[in-house]
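Undergrad: I am sharing query15.pdb, which consists of PDB, C-alpha atoms, pLDDT in the B column:
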```pdb
ATOM      1  CA  MET P1250       0.000   0.000   0.000  1.00 40.00           C
ATOM      2  CA  ILE P1251       1.199   3.485  -0.768  1.00 42.00           C
ATOM      3  CA  TRP P1252       0.592   6.286   1.717  1.00 39.00           C
ATOM      4  CA  ILE P1253       0.402   9.759   0.227  1.00 40.00           C
ATOM      5  CA  PRO P1254       0.380  12.655   2.693  1.00 41.00           C
ATOM      6  CA  PHE P1255      -2.330  15.225   2.086  1.00 40.00           C
ATOM      7  CA  LYS P1256      -3.201  18.510   3.803  1.00 40.00           C
ATOM      8  CA  LEU P1257      -6.183  17.079   5.679  1.00 43.00           C
ATOM      9  CA  GLY P1258      -4.864  13.619   6.326  1.00 44.00           C
ATOM     10  CA  ILE P1259      -3.512  10.628   4.516  1.00 45.00           C
ATOM     11  CA  ILE P1260      -4.778   9.171   1.247  1.00 46.00           C
ATOM     12  CA  VAL P1261      -4.425   5.441   0.857  1.00 46.00           C
ATOM     13  CA  THR P1262      -4.139   4.102  -2.680  1.00 49.00           C
ATOM     14  CA  GLU P1263      -4.453   0.463  -3.631  1.00 50.00           C
ATOM     15  CA  THR P1264      -1.662  -1.376  -5.367  1.00 53.00           C
ATOM     16  CA  ASP P1265      -1.822  -4.507  -7.476  1.00 55.00           C
ATOM     17  CA  ASN P1266      -1.013  -6.577  -4.369  1.00 60.00           C
ATOM     18  CA  SER P1267      -4.061  -5.294  -2.505  1.00 67.00           C
ATOM     19  CA  GLN P1268      -6.265  -6.048  -5.545  1.00 65.00           C
ATOM     20  CA  GLU P1269      -4.949  -9.617  -5.561  1.00 67.00           C
ATOM     21  CA  GLU P1270      -5.542  -9.892  -1.807  1.00 67.00           C
ATOM     22  CA  LYS P1271      -9.096  -8.603  -2.296  1.00 62.00           C
ATOM     23  CA  LYS P1272      -9.786 -11.192  -5.017  1.00 64.00           C
ATOM     24  CA  ALA P1273      -8.362 -13.946  -2.810  1.00 63.00           C
ATOM     25  CA  SER P1274     -10.533 -12.895   0.141  1.00 68.00           C
ATOM     26  CA  GLU P1275     -13.623 -12.744  -2.115  1.00 65.00           C
ATOM     27  CA  GLN P1276     -12.872 -16.272  -3.325  1.00 67.00           C
ATOM     28  CA  GLU P1277     -12.549 -17.459   0.293  1.00 69.00           C
ATOM     29  CA  LEU P1278     -15.888 -15.821   1.058  1.00 62.00           C
ATOM     30  CA  ILE P1279     -17.537 -17.631  -1.857  1.00 64.00           C
ATOM     31  CA  GLU P1280     -16.062 -20.959  -0.746  1.00 66.00           C
ATOM     32  CA  THR P1281     -17.289 -20.391   2.809  1.00 63.00           C
ATOM     33  CA  TYR P1282     -20.831 -19.640   1.639  1.00 58.00           C
ATOM     34  CA  GLN P1283     -20.884 -22.538  -0.804  1.00 60.00           C
ATOM     35  CA  LYS P1284     -20.093 -24.998   1.994  1.00 59.00           C
ATOM     36  CA  HIS P1285     -23.560 -24.254   3.377  1.00 57.00           C
ATOM     37  CA  PHE P1286     -25.306 -23.885   0.024  1.00 64.00           C
ATOM     38  CA  ASP P1287     -26.887 -26.648  -2.011  1.00 71.00           C
ATOM     39  CA  LYS P1288     -27.810 -25.577  -5.525  1.00 78.00           C
ATOM     40  CA  ASN P1289     -29.894 -28.737  -5.963  1.00 83.00           C
ATOM     41  CA  ILE P1290     -32.380 -27.487  -3.371  1.00 86.00           C
ATOM     42  CA  ALA P1291     -32.696 -24.208  -5.275  1.00 87.00           C
ATOM     43  CA  LEU P1292     -33.204 -26.071  -8.566  1.00 90.00           C
ATOM     44  CA  LYS P1293     -35.849 -28.341  -7.029  1.00 90.00           C
ATOM     45  CA  LEU P1294     -37.713 -25.330  -5.652  1.00 86.00           C
ATOM     46  CA  LEU P1295     -37.454 -23.588  -9.023  1.00 90.00           C
ATOM     47  CA  VAL P1296     -38.947 -26.592 -10.832  1.00 93.00           C
ATOM     48  CA  LYS P1297     -41.667 -27.052  -8.194  1.00 90.00           C
ATOM     49  CA  LEU P1298     -42.730 -23.399  -8.318  1.00 87.00           C
ATOM     50  CA  ARG P1299     -42.684 -23.312 -12.115  1.00 91.00           C
ATOM     51  CA  LYS P1300     -44.815 -26.450 -12.350  1.00 91.00           C
ATOM     52  CA  ALA P1301     -47.319 -24.843  -9.993  1.00 87.00           C
ATOM     53  CA  THR P1302     -47.495 -21.573 -11.935  1.00 86.00           C
ATOM     54  CA  ARG P1303     -46.746 -22.179 -15.611  1.00 86.00           C
ATOM     55  CA  ASN P1304     -50.315 -22.923 -16.662  1.00 86.00           C
ATOM     56  CA  LYS P1305     -51.865 -20.199 -14.531  1.00 84.00           C
ATOM     57  CA  PRO P1306     -52.584 -16.613 -15.590  1.00 82.00           C
ATOM     58  CA  LYS P1307     -49.988 -14.110 -14.387  1.00 77.00           C
ATOM     59  CA  VAL P1308     -52.553 -12.508 -12.062  1.00 73.00           C
ATOM     60  CA  ILE P1309     -53.102 -15.809 -10.256  1.00 72.00           C
ATOM     61  CA  ALA P1310     -49.434 -16.848 -10.230  1.00 73.00           C
ATOM     62  CA  GLY P1311     -48.573 -13.509  -8.595  1.00 75.00           C
ATOM     63  CA  ALA P1312     -45.430 -13.334  -6.482  1.00 72.00           C
ATOM     64  CA  THR P1313     -44.790 -17.054  -6.882  1.00 75.00           C
ATOM     65  CA  GLY P1314     -44.500 -16.628 -10.637  1.00 80.00           C
ATOM     66  CA  ALA P1315     -42.216 -13.636 -10.191  1.00 83.00           C
ATOM     67  CA  ILE P1316     -39.988 -15.524  -7.765  1.00 84.00           C
ATOM     68  CA  VAL P1317     -39.519 -18.218 -10.440  1.00 88.00           C
ATOM     69  CA  THR P1318     -37.964 -15.664 -12.784  1.00 90.00           C
ATOM     70  CA  SER P1319     -35.868 -14.161  -9.991  1.00 90.00           C
ATOM     71  CA  LEU P1320     -34.608 -17.515  -8.722  1.00 91.00           C
ATOM     72  CA  GLY P1321     -33.864 -18.707 -12.258  1.00 93.00           C
ATOM     73  CA  SER P1322     -31.924 -15.532 -13.002  1.00 94.00           C
ATOM     74  CA  LEU P1323     -29.908 -15.883  -9.798  1.00 93.00           C
ATOM     75  CA  ILE P1324     -29.017 -19.525 -10.495  1.00 93.00           C
ATOM     76  CA  SER P1325     -28.061 -18.684 -14.073  1.00 94.00           C
ATOM     77  CA  ALA P1326     -25.812 -15.809 -12.967  1.00 94.00           C
ATOM     78  CA  LEU P1327     -24.226 -18.000 -10.278  1.00 92.00           C
ATOM     79  CA  ASP P1328     -23.272 -20.548 -12.944  1.00 92.00           C
ATOM     80  CA  ASN P1329     -21.777 -17.882 -15.230  1.00 94.00           C
ATOM     81  CA  PRO P1330     -17.973 -17.807 -14.869  1.00 93.00           C
ATOM     82  CA  ALA P1331     -17.978 -14.105 -15.842  1.00 94.00           C
ATOM     83  CA  THR P1332     -19.983 -13.156 -12.737  1.00 93.00           C
ATOM     84  CA  PRO P1333     -17.660 -11.370 -10.265  1.00 91.00           C
ATOM     85  CA  ASN P1334     -17.012 -13.128  -6.958  1.00 87.00           C
ATOM     86  CA  HIS P1335     -18.555 -10.383  -4.846  1.00 86.00           C
ATOM     87  CA  MET P1336     -21.772 -10.729  -6.868  1.00 90.00           C
ATOM     88  CA  LYS P1337     -21.687 -14.520  -6.426  1.00 89.00           C
ATOM     89  CA  ALA P1338     -21.600 -14.015  -2.661  1.00 86.00           C
ATOM     90  CA  LEU P1339     -24.699 -11.799  -2.883  1.00 87.00           C
ATOM     91  CA  ILE P1340     -26.402 -14.328  -5.176  1.00 90.00           C
ATOM     92  CA  ILE P1341     -25.804 -17.172  -2.730  1.00 87.00           C
ATOM     93  CA  GLY P1342     -27.270 -15.072   0.076  1.00 85.00           C
ATOM     94  CA  ALA P1343     -30.300 -14.125  -2.017  1.00 85.00           C
ATOM     95  CA  ILE P1344     -30.943 -17.736  -3.058  1.00 87.00           C
ATOM     96  CA  GLY P1345     -30.593 -18.782   0.567  1.00 83.00           C
ATOM     97  CA  TYR P1346     -33.243 -16.256   1.573  1.00 79.00           C
ATOM     98  CA  ILE P1347     -35.596 -17.586  -1.092  1.00 81.00           C
ATOM     99  CA  ILE P1348     -35.177 -21.277  -0.245  1.00 80.00           C
ATOM    100  CA  LEU P1349     -35.452 -20.895   3.518  1.00 75.00           C
ATOM    101  CA  PRO P1350     -39.165 -21.361   4.274  1.00 67.00           C
ATOM    102  CA  ILE P1351     -39.061 -19.375   7.523  1.00 66.00           C
ATOM    103  CA  ASP P1352     -38.405 -15.677   7.039  1.00 61.00           C
ATOM    104  CA  LEU P1353     -40.224 -12.385   7.525  1.00 59.00           C
ATOM    105  CA  ILE P1354     -43.414 -13.799   5.967  1.00 59.00           C
ATOM    106  CA  PRO P1355     -43.306 -17.633   5.927  1.00 62.00           C
ATOM    107  CA  ASP P1356     -43.375 -19.007   2.377  1.00 59.00           C
ATOM    108  CA  VAL P1357     -46.334 -21.282   3.180  1.00 57.00           C
ATOM    109  CA  THR P1358     -48.545 -18.229   3.748  1.00 61.00           C
ATOM    110  CA  PRO P1359     -50.924 -18.062   0.772  1.00 56.00           C
ATOM    111  CA  VAL P1360     -50.432 -15.142  -1.617  1.00 58.00           C
ATOM    112  CA  LEU P1361     -47.992 -13.195   0.590  1.00 63.00           C
ATOM    113  CA  GLY P1362     -45.470 -15.985   1.239  1.00 64.00           C
ATOM    114  CA  TYR P1363     -43.014 -15.051  -1.490  1.00 66.00           C
ATOM    115  CA  THR P1364     -43.611 -11.293  -1.605  1.00 70.00           C
ATOM    116  CA  ASP P1365     -40.994 -10.545   1.055  1.00 69.00           C
ATOM    117  CA  ASP P1366     -38.526 -12.849  -0.712  1.00 73.00           C
ATOM    118  CA  LEU P1367     -39.140 -11.043  -3.985  1.00 76.00           C
ATOM    119  CA  ALA P1368     -38.709  -7.615  -2.409  1.00 74.00           C
ATOM    120  CA  THR P1369     -35.528  -8.694  -0.633  1.00 76.00           C
ATOM    121  CA  VAL P1370     -33.782 -10.158  -3.690  1.00 83.00           C
ATOM    122  CA  ALA P1371     -34.945  -7.594  -6.256  1.00 85.00           C
ATOM    123  CA  GLY P1372     -31.780  -5.524  -5.990  1.00 86.00           C
ATOM    124  CA  VAL P1373     -29.516  -8.525  -6.419  1.00 89.00           C
ATOM    125  CA  VAL P1374     -31.525  -9.727  -9.419  1.00 90.00           C
ATOM    126  CA  ALA P1375     -31.233  -6.298 -11.021  1.00 90.00           C
ATOM    127  CA  GLY P1376     -27.504  -6.245 -10.313  1.00 90.00           C
ATOM    128  CA  VAL P1377     -26.839  -9.592 -11.987  1.00 91.00           C
ATOM    129  CA  ALA P1378     -29.020  -9.020 -15.054  1.00 92.00           C
ATOM    130  CA  ALA P1379     -25.955  -8.692 -17.269  1.00 93.00           C
ATOM    131  CA  TYR P1380     -24.683 -12.119 -16.165  1.00 94.00           C
ATOM    132  CA  THR P1381     -27.830 -14.194 -16.663  1.00 94.00           C
ATOM    133  CA  ASN P1382     -29.349 -15.926 -19.675  1.00 94.00           C
ATOM    134  CA  PHE P1383     -32.351 -17.461 -17.899  1.00 94.00           C
ATOM    135  CA  SER P1384     -35.565 -18.003 -19.849  1.00 92.00           C
ATOM    136  CA  LEU P1385     -38.858 -19.547 -18.824  1.00 90.00           C
ATOM    137  CA  GLN P1386     -39.012 -21.403 -22.138  1.00 91.00           C
ATOM    138  CA  GLU P1387     -35.727 -23.204 -21.403  1.00 93.00           C
ATOM    139  CA  LEU P1388     -36.966 -24.037 -17.901  1.00 93.00           C
ATOM    140  CA  ASP P1389     -40.212 -25.405 -19.342  1.00 93.00           C
ATOM    141  CA  ARG P1390     -38.260 -27.600 -21.784  1.00 93.00           C
ATOM    142  CA  TYR P1391     -36.144 -28.878 -18.886  1.00 93.00           C
ATOM    143  CA  ILE P1392     -39.278 -29.668 -16.857  1.00 93.00           C
ATOM    144  CA  ASP P1393     -40.803 -31.467 -19.840  1.00 93.00           C
ATOM    145  CA  THR P1394     -37.722 -33.711 -20.123  1.00 92.00           C
ATOM    146  CA  LEU P1395     -38.018 -34.532 -16.416  1.00 88.00           C
ATOM    147  CA  GLU P1396     -41.645 -35.567 -16.833  1.00 82.00           C
ATOM    148  CA  LYS P1397     -40.957 -38.030 -19.658  1.00 73.00           C
TER     149      LYS P1397
END
```
Translate the structure of the given file into structure tokens.

TA:
Amino acid sequence: MIWIPFKLGIIVTETDNSQEEKKASEQELIETYQKHFDKNIALKLLVKLRKATRNKPKVIAGATGAIVTSLGSLISALDNPATPNHMKALIIGAIGYIILPIDLIPDVTPVLGYTDDLATVAGVVAGVAAYTNFSLQELDRYIDTLEK
């Protein structure tokens, strides 16, 4: 680190070493989160929710239908190697919030169950939009192959 004196104090500038240290610590953070994260649970929930909502009008599917798109986008961005590590950490946390049934409004509560999940993860979903290629049509094709 380089310390540059300034009239009102000291300015700290980052060097290449600190950038490497930051990347290493982000990777450690991802590995720590992934120890407690099972993507299969998220995929099973995604398939279950999509099966329950894909033949229903959007008005009836409501927040559950919206959470399908959000969860699919998060999983897709997590699988993308171009997604930065700090975003992957946020994605894992957001997916964890979605798949845990007990939260601010329990997910088993009709109509409102997934609204708090959707509101909580909306910022993360917006932030990873550039790293996702999720589509409901691809998910539907995947579900159809499972049902055969």

Undergrad: Find the residues near P:Ile1340: any atom within 8 Å, counting all atoms listed in the file, skip ones fewer than 2 places away on the same chain, and give them as an mmCIF file with C-alpha atoms, keeping the file's coordinate frame.

TA:
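Everything below was put into result.cif:
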```cif
data_model
loop_
_atom_site.group_PDB
_atom_site.id
_atom_site.type_symbol
_atom_site.label_atom_id
_atom_site.label_comp_id
_atom_site.auth_asym_id
_atom_site.auth_seq_id
_atom_site.Cartn_x
_atom_site.Cartn_y
_atom_site.Cartn_z
ATOM 1 C CA LEU P 1323 -29.908 -15.883 -9.798
ATOM 2 C CA ILE P 1324 -29.017 -19.525 -10.495
ATOM 3 C CA ALA P 1326 -25.812 -15.809 -12.967
ATOM 4 C CA LEU P 1327 -24.226 -18.000 -10.278
ATOM 5 C CA MET P 1336 -21.772 -10.729 -6.868
ATOM 6 C CA LYS P 1337 -21.687 -14.520 -6.426
ATOM 7 C CA ALA P 1338 -21.600 -14.015 -2.661
ATOM 8 C CA GLY P 1342 -27.270 -15.072 0.076
ATOM 9 C CA ALA P 1343 -30.300 -14.125 -2.017
ATOM 10 C CA ILE P 1344 -30.943 -17.736 -3.058
ATOM 11 C CA VAL P 1373 -29.516 -8.525 -6.419
#
```

Undergrad: State, in Å with one decimal place, the distance from atom CA of P:Lys1300 to atom CA of P:Ser1319.

TA: 15.4 Å

Undergrad: Dump as a Markdown table the rows for residues of stretch 1290-1342 of chain P within 6 Å of stretch 1376-1389 of chain P: closest atom pair and distance in Å with one decimal, only C-alpha atoms counted, ordered by chain and rising residue number.

TA:
```
| residue | atom | partner | partner_atom | distance |
| --- | --- | --- | --- | --- |
| P:Gly1321 | CA | P:Phe1383 | CA | 6.0 |
| P:Ser1322 | CA | P:Phe1383 | CA | 5.3 |
| P:Ser1325 | CA | P:Thr1381 | CA | 5.2 |
| P:Ala1326 | CA | P:Thr1381 | CA | 4.5 |
| P:Thr1332 | CA | P:Tyr1380 | CA | 5.9 |
```

Undergrad: For the residues in the current selection, export C-alpha atoms as an mmCIF file, in the coordinates of the input.

TA:
```cif
data_model
loop_
_atom_site.group_PDB
_atom_site.id
_atom_site.type_symbol
_atom_site.label_atom_id
_atom_site.label_comp_id
_atom_site.auth_asym_id
_atom_site.auth_seq_id
_atom_site.Cartn_x
_atom_site.Cartn_y
_atom_site.Cartn_z
ATOM 1 C CA GLY P 1321 -33.864 -18.707 -12.258
ATOM 2 C CA SER P 1322 -31.924 -15.532 -13.002
ATOM 3 C CA SER P 1325 -28.061 -18.684 -14.073
ATOM 4 C CA ALA P 1326 -25.812 -15.809 -12.967
ATOM 5 C CA THR P 1332 -19.983 -13.156 -12.737
#
```

Undergrad: Please measure the separation of atom CA of P:Ile1348 and atom CA of P:Ala1291, giving the value in Å to one decimal.

TA: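 Separation of atom CA of P:Ile1348 and atom CA of P:Ala1291: 6.3 Å.
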
Undergrad: As a check of understanding, name the residues that the PyMOL selection byres ((chain P and resi 1292-1297) around 7) selects in the supplied structure, as a PyMOL selection string.

TA: chain P and resi 1288-1291+1298-1301+1317+1320-1321+1392

Undergrad: What is the atom CA of P:Leu1367 to atom CA of P:Thr1302 distance in Å?

TA: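 Distance reported for this atom pair: 15.6 Å.
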
Undergrad: Quick check on the file I pasted: which residues fall under the PyMOL selection byres ((chain P and resi 1311) around 12)? Write them as JSON, numbers by chain.

TA: {"P": [1298, 1299, 1301, 1302, 1303, 1305, 1306, 1307, 1308, 1309, 1310, 1312, 1313, 1314, 1315, 1316, 1317, 1318, 1359, 1360, 1361, 1362, 1363, 1364, 1367]}

Undergrad: Choose the residue, out of P:Arg1390, P:Ile1341, P:Lys1397, P:Ala1331, that has the smallest atom-to-atom separation from P:Val1370; count only C-alpha atoms.

TA: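 Nearest candidate to P:Val1370 out of P:Arg1390, P:Ile1341, P:Lys1397, P:Ala1331: P:Ile1341.
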
Undergrad: Looking at P:Pro1330, P:Ile1347, P:Asp1393, P:Asp1287, which one is nearest to P:Ala1371, with distances taken over all atoms listed in the file?

TA: P:Ile1347

Undergrad: Quick one: of P:Asp1328, P:Asp1366, P:Val1374, P:Pro1333, who's nearest to P:Gly1345, counting all atoms listed in the file?

TA: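 Distance minimum relative to P:Gly1345 lands on P:Asp1366.
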